[in-house]
Amino acid sequence: MSVKIKVENLTKIFGRNPKAVLKRLQKGESKETILKETGNTVGINNVSFEVKEEEIFVIMGLSGSGKSTLLRCLNLLNVPTAGNIYIDGSNIVEYKKKELREFRQKKVAMVFQHFGLFTHRTILGNVEYGLEIRDVPPEQRVEIARETLATVGLAGWEDKYPHQLSGGMCQRVGLARALANDPDILLMDEPFSALDPLIRREMQVELLDIQAKLKKTIVFITHDVNEAFKLGDRVAVMKEGEIEQIGTPEEILTHPVNDYITNFVQDVDKTKVLQAKHIMFKPGALVSIKDGPKVAIKEMKNAGISSVFVVDDQRRLCGLVTIDDALKASPKHQKLEDILLNDYFVTAPETYVEDLLPAASTAKYPLAVVDKHHKLLGIIVRVSVLSALVHETT
Ligand SMILES: Nc1ncnc2c1ncn2[C@@H]1O[C@H](COP(=O)(O)OP(=O)(O)O)[C@@H](O)[C@H]1O
Ligand SMILES: [Mg+2]
């Protein structure tokens, strides 16, 4: 996937004369000293990263770590003190007024934690707002706004006012308003943090559904690690204006770069992050359907196991053979085909460990992980499921 946003050595200093302060920062002076001696706050310090097209990129960090400051640089609500921000290859930091206006109207849209709705406008009027600014003709505006409201599950609420809607519904309006302009990039600043847990989870699922359909590039901010790992294709963890680690949820969980990250992710429910592909391993033995019971017996004995998966010449899963059945079949000159079992669990590589738990706890045999062509990718034994829950897999 191509790079949509490229942030290069971005620094944002608040207060007077930031360029002079930048020199002190670059010489290695600490943020504390700078604040004490100059009164300037270093919001973002020399941050670089890339966001790919159609990716949900999550920025996670404690309150005050610089998440909003960073996000607001991406549409130049914050003007960077230093650094470059390339969007589709062009450096928005250099944009003149007109380019910037177009960029904000067409390329990006923002969703805020506290919705930011106009209280005196109807729901439809709120969603129409961005289209109005772009001088879209009224009829077309209404049509687009209605469609977008339907996308976020609010058909029928067009004529109501924000105070008549629940928090979750208001945030759907906020999302619809952002989507109405059909921007490439959605910037979302803790959009679900003010919602009740149940509604919040609903909205997370809704966002993933919408993203599956619309395929935007999303930069999503949260201070909640579970939310970050649920939504993020990749996650950047911020601390005091800097990025400590960037990676997929699985990478961050299994290879934290330092103690700060380890602490940050220690309460994460790993079963919701790790998938079958992360905990499967290569089978110790594998038998071809063309082999006979004798080969199967030998393979199982060598590997010290009591059952083995059988595959065809394309490595597609045919079934499973137990050592007992193979021992009985061998003198009778039966083929493997005659003694194949199929009462094992099969799972896709993307299945979350959470959803494997019931199968893993009752299964007589290892779980088979297969791709969509039924090729055997790996196996999962109960122990590997359990250890995924307990140990770091570093
Ligand atoms: N407009 C501003 N003027 C001065 N300091 C600011 C401004 N905006 C943010 N800051 C400071 O920058 C730091 C990062 O803030 P922010 O980006 O809002 O953090 P987060 O969104 O992670 O909670 C904080 O120390 C905050 O006080
Ligand atoms: Mg913030």
# chains A, B, ... in the order shown; residues from 1 in each chain; ligands from 1
$ residues_around --residues "Val51 (chain A)" --least-positions-apart "5" --cutoff "7 Å" --atoms "only C-alpha atoms" --output "PDB file with C-alpha atoms, in the first residue's frame"
ATOM      1  CA  VAL A   3       2.222   6.062   1.706  1.00  0.00           C
ATOM      2  CA  LYS A   4      -0.557   8.591   2.298  1.00  0.00           C
ATOM      3  CA  ILE A   5       0.959  10.715   5.055  1.00  0.00           C
ATOM      4  CA  LYS A   6       4.654  11.133   5.701  1.00  0.00           C
ATOM      5  CA  PHE A  57      -3.160   4.468  12.316  1.00  0.00           C
TER       6      PHE A  57
END
$ residues_around --residues "region 216-222 of chain A" --least-positions-apart "6" --cutoff "6 Å" --atoms "only C-alpha atoms" --output "VMD selection string"
chain A and resid 53 to 60 184 to 190
$ closest_residue --among "A:Leu179, A:Ala109, A:Val142, A:Met238" --to "ligand 1" --atoms "only C-alpha atoms and all ligand atoms"
A:Met238
$ residues_around --residues "Gln204 (chain A)" --least-positions-apart "6" --cutoff "10 Å" --atoms "only C-alpha atoms" --output "list in words"
Pro191, Phe192, Ile210, Glu227, Lys230 and Leu231 of chain A
$ write_last_selection --atoms "C-alpha atoms" --output "mmCIF file, in the first residue's frame"
data_model
loop_
_atom_site.group_PDB
_atom_site.id
_atom_site.type_symbol
_atom_site.label_atom_id
_atom_site.label_comp_id
_atom_site.auth_asym_id
_atom_site.auth_seq_id
_atom_site.Cartn_x
_atom_site.Cartn_y
_atom_site.Cartn_z
ATOM 1 C CA PRO A 191 -13.889 10.479 19.333
ATOM 2 C CA PHE A 192 -15.255 7.791 21.639
ATOM 3 C CA ILE A 210 -17.620 1.847 7.890
ATOM 4 C CA GLU A 227 -9.262 0.650 21.950
ATOM 5 C CA LYS A 230 -8.780 -3.128 18.597
ATOM 6 C CA LEU A 231 -8.875 -0.455 15.925
#
$ residues_near_ligand --ligand "ligand 1" --cutoff "6 Å" --atoms "only C-alpha atoms and all ligand atoms" --output "VMD selection string"
chain A and resid 14 41 43 62 to 69
$ write_last_selection --atoms "C-alpha atoms" --output "short mmCIF file (atom, residue, chain, number, x, y, z; two decimals), in the first residue's frame"
data_model
loop_
_atom_site.label_atom_id
_atom_site.label_comp_id
_atom_site.auth_asym_id
_atom_site.auth_seq_id
_atom_site.Cartn_x
_atom_site.Cartn_y
_atom_site.Cartn_z
CA PHE A 14 4.11 26.53 21.99
CA THR A 41 6.06 24.14 26.01
CA GLY A 43 4.36 19.81 22.38
CA LEU A 62 -1.32 9.37 28.24
CA SER A 63 -3.05 12.70 28.61
CA GLY A 64 -0.62 15.51 27.81
CA SER A 65 1.71 13.32 25.74
CA GLY A 66 1.11 15.43 22.63
CA LYS A 67 -1.47 13.40 20.71
CA SER A 68 -3.83 16.28 19.90
CA THR A 69 -0.93 18.57 19.11
#
$ residues_around --residues "Pro80 (chain A)" --least-positions-apart "5" --cutoff "7 Å" --atoms "only C-alpha atoms" --output "PyMOL selection string"
chain A and resi 10-12+73
$ atom_distance --atom1 "CA of Lys160 (chain A)" --atom2 "CA of Leu198 (chain A)"
23.6 Å
$ residues_around --residues "Met280 (chain A)" --least-positions-apart "5" --cutoff "10 Å" --atoms "only C-alpha atoms" --output "list of chain:residue names"
A:Gln275, A:Pro349, A:Leu367, A:Ala368, A:Val369, A:Leu377, A:Gly378, A:Ile379, A:Ile380, A:Val381, A:Ser384, A:Val385
$ write_last_selection --atoms "C-alpha atoms" --output "CSV table (one decimal), in the first residue's frame"
chain,number,residue,atom,x,y,z
A,275,GLN,CA,-4.8,-14.2,16.3
A,349,PRO,CA,-5.4,-17.4,10.5
A,367,LEU,CA,-6.6,-27.1,15.9
A,368,ALA,CA,-5.8,-26.8,12.2
A,369,VAL,CA,-5.2,-23.3,10.8
A,377,LEU,CA,-0.7,-23.1,7.5
A,378,GLY,CA,-0.1,-24.4,11.0
A,379,ILE,CA,-1.5,-26.1,14.1
A,380,ILE,CA,-2.4,-24.9,17.5
A,381,VAL,CA,-2.3,-27.1,20.6
A,384,SER,CA,0.0,-22.6,22.9
A,385,VAL,CA,-3.4,-21.0,23.5
$ closest_residue --among "A:Ala360, A:Ile133, A:Leu71, A:Val311" --to "ligand 2" --atoms "only C-alpha atoms and all ligand atoms"
A:Leu71
$ atom_distance --atom1 "CA of Tyr260 (chain A)" --atom2 "CA of Gly15 (chain A)"
28.8 Å
$ residues_around --residues "Leu195 (chain A)" --least-positions-apart "2" --cutoff "10 Å" --atoms "only C-alpha atoms" --output "list in words"
Gln113, His114, Ser166, Gly167, Gly168, Gln171, Pro191, Phe192, Ser193, Pro197, Leu198, Ile199, Arg200, Arg201 and Met203 of chain A
$ write_last_selection --atoms "C-alpha atoms" --output "PDB file, in the first residue's frame"
ATOM      1  CA  GLN A 113     -14.220  14.134  21.272  1.00  0.00           C
ATOM      2  CA  HIS A 114     -17.005  16.545  22.159  1.00  0.00           C
ATOM      3  CA  SER A 166     -27.717  10.588  22.904  1.00  0.00           C
ATOM      4  CA  GLY A 167     -23.927  10.999  23.063  1.00  0.00           C
ATOM      5  CA  GLY A 168     -23.350   7.998  20.837  1.00  0.00           C
ATOM      6  CA  GLN A 171     -20.836  11.226  17.603  1.00  0.00           C
ATOM      7  CA  PRO A 191     -13.889  10.479  19.333  1.00  0.00           C
ATOM      8  CA  PHE A 192     -15.255   7.791  21.639  1.00  0.00           C
ATOM      9  CA  SER A 193     -13.637   8.781  24.938  1.00  0.00           C
ATOM     10  CA  PRO A 197     -18.338   1.769  27.645  1.00  0.00           C
ATOM     11  CA  LEU A 198     -21.145  -0.125  25.927  1.00  0.00           C
ATOM     12  CA  ILE A 199     -21.843   2.622  23.388  1.00  0.00           C
ATOM     13  CA  ARG A 200     -18.139   3.054  22.951  1.00  0.00           C
ATOM     14  CA  ARG A 201     -17.658  -0.558  21.933  1.00  0.00           C
ATOM     15  CA  MET A 203     -19.014   2.758  17.937  1.00  0.00           C
TER      16      MET A 203
END
$ atom_distance --atom1 "CA of Val308 (chain A)" --atom2 "CA of Leu340 (chain A)"
10.1 Å
$ select_by_dssp --residues "region 84-262 of chain A" --states "alpha helix (DSSP H)" --output "count of residues only"
80
$ closest_residue --among "A:Val136, A:Asp343, A:Asn75, A:Ala194" --to "Thr362 (chain A)" --atoms "only C-alpha atoms"
A:Asp343
$ residues_around --residues "Met169 (chain A)" --least-positions-apart "3" --cutoff "10 Å" --atoms "only C-alpha atoms" --output "JSON, numbers by chain"
{"A": [115, 152, 153, 154, 157, 162, 164, 165, 166, 172, 173, 174, 175, 199, 203]}
$ closest_residue --among "A:Leu149, A:Phe112, A:Glu8, A:Leu327" --to "ligand 2" --atoms "only C-alpha atoms and all ligand atoms"
A:Phe112
$ closest_residue --among "A:Glu50, A:Arg146, A:Val205, A:Tyr95" --to "Val235 (chain A)" --atoms "only C-alpha atoms"
A:Glu50
$ closest_residue --among "A:Arg72, A:Asp209, A:Ala329, A:Ile144" --to "ligand 2" --atoms "only C-alpha atoms and all ligand atoms"
A:Arg72
$ decode --residues "region 74-108 of chain A" --atoms "C-alpha atoms" --output "PDB file, in the first residue's frame"
ATOM      1  CA  LEU A  74      -1.797  17.150  10.155  1.00  0.00           C
ATOM      2  CA  ASN A  75      -4.345  19.739   9.013  1.00  0.00           C
ATOM      3  CA  LEU A  76      -2.203  22.690  10.075  1.00  0.00           C
ATOM      4  CA  LEU A  77      -4.552  23.798  12.840  1.00  0.00           C
ATOM      5  CA  ASN A  78      -1.188  23.722  14.573  1.00  0.00           C
ATOM      6  CA  VAL A  79       1.565  25.210  12.464  1.00  0.00           C
ATOM      7  CA  PRO A  80       4.690  23.105  12.961  1.00  0.00           C
ATOM      8  CA  THR A  81       7.770  24.821  14.345  1.00  0.00           C
ATOM      9  CA  ALA A  82       9.970  22.537  12.269  1.00  0.00           C
ATOM     10  CA  GLY A  83       9.627  19.542  10.001  1.00  0.00           C
ATOM     11  CA  ASN A  84       7.615  18.470   6.992  1.00  0.00           C
ATOM     12  CA  ILE A  85       4.285  16.803   6.436  1.00  0.00           C
ATOM     13  CA  TYR A  86       3.794  15.214   3.037  1.00  0.00           C
ATOM     14  CA  ILE A  87       0.312  14.218   2.027  1.00  0.00           C
ATOM     15  CA  ASP A  88       0.130  12.353  -1.262  1.00  0.00           C
ATOM     16  CA  GLY A  89       3.692  13.532  -1.740  1.00  0.00           C
ATOM     17  CA  SER A  90       3.112  17.252  -1.356  1.00  0.00           C
ATOM     18  CA  ASN A  91       4.407  19.170   1.613  1.00  0.00           C
ATOM     19  CA  ILE A  92       1.410  20.810   3.286  1.00  0.00           C
ATOM     20  CA  VAL A  93       3.644  22.896   5.531  1.00  0.00           C
ATOM     21  CA  GLU A  94       4.464  24.962   2.447  1.00  0.00           C
ATOM     22  CA  TYR A  95       0.847  25.454   1.400  1.00  0.00           C
ATOM     23  CA  LYS A  96      -0.366  28.986   0.717  1.00  0.00           C
ATOM     24  CA  LYS A  97      -3.804  30.084   1.886  1.00  0.00           C
ATOM     25  CA  LYS A  98      -5.721  28.860  -1.127  1.00  0.00           C
ATOM     26  CA  GLU A  99      -4.065  25.446  -1.268  1.00  0.00           C
ATOM     27  CA  LEU A 100      -4.627  25.038   2.428  1.00  0.00           C
ATOM     28  CA  ARG A 101      -8.297  25.910   2.144  1.00  0.00           C
ATOM     29  CA  GLU A 102      -8.773  23.351  -0.626  1.00  0.00           C
ATOM     30  CA  PHE A 103      -6.844  20.781   1.296  1.00  0.00           C
ATOM     31  CA  ARG A 104      -9.043  21.230   4.353  1.00  0.00           C
ATOM     32  CA  GLN A 105     -12.234  21.192   2.346  1.00  0.00           C
ATOM     33  CA  LYS A 106     -11.465  18.186   0.215  1.00  0.00           C
ATOM     34  CA  LYS A 107      -8.695  16.008   1.597  1.00  0.00           C
ATOM     35  CA  VAL A 108      -9.120  15.898   5.369  1.00  0.00           C
TER      36      VAL A 108
END
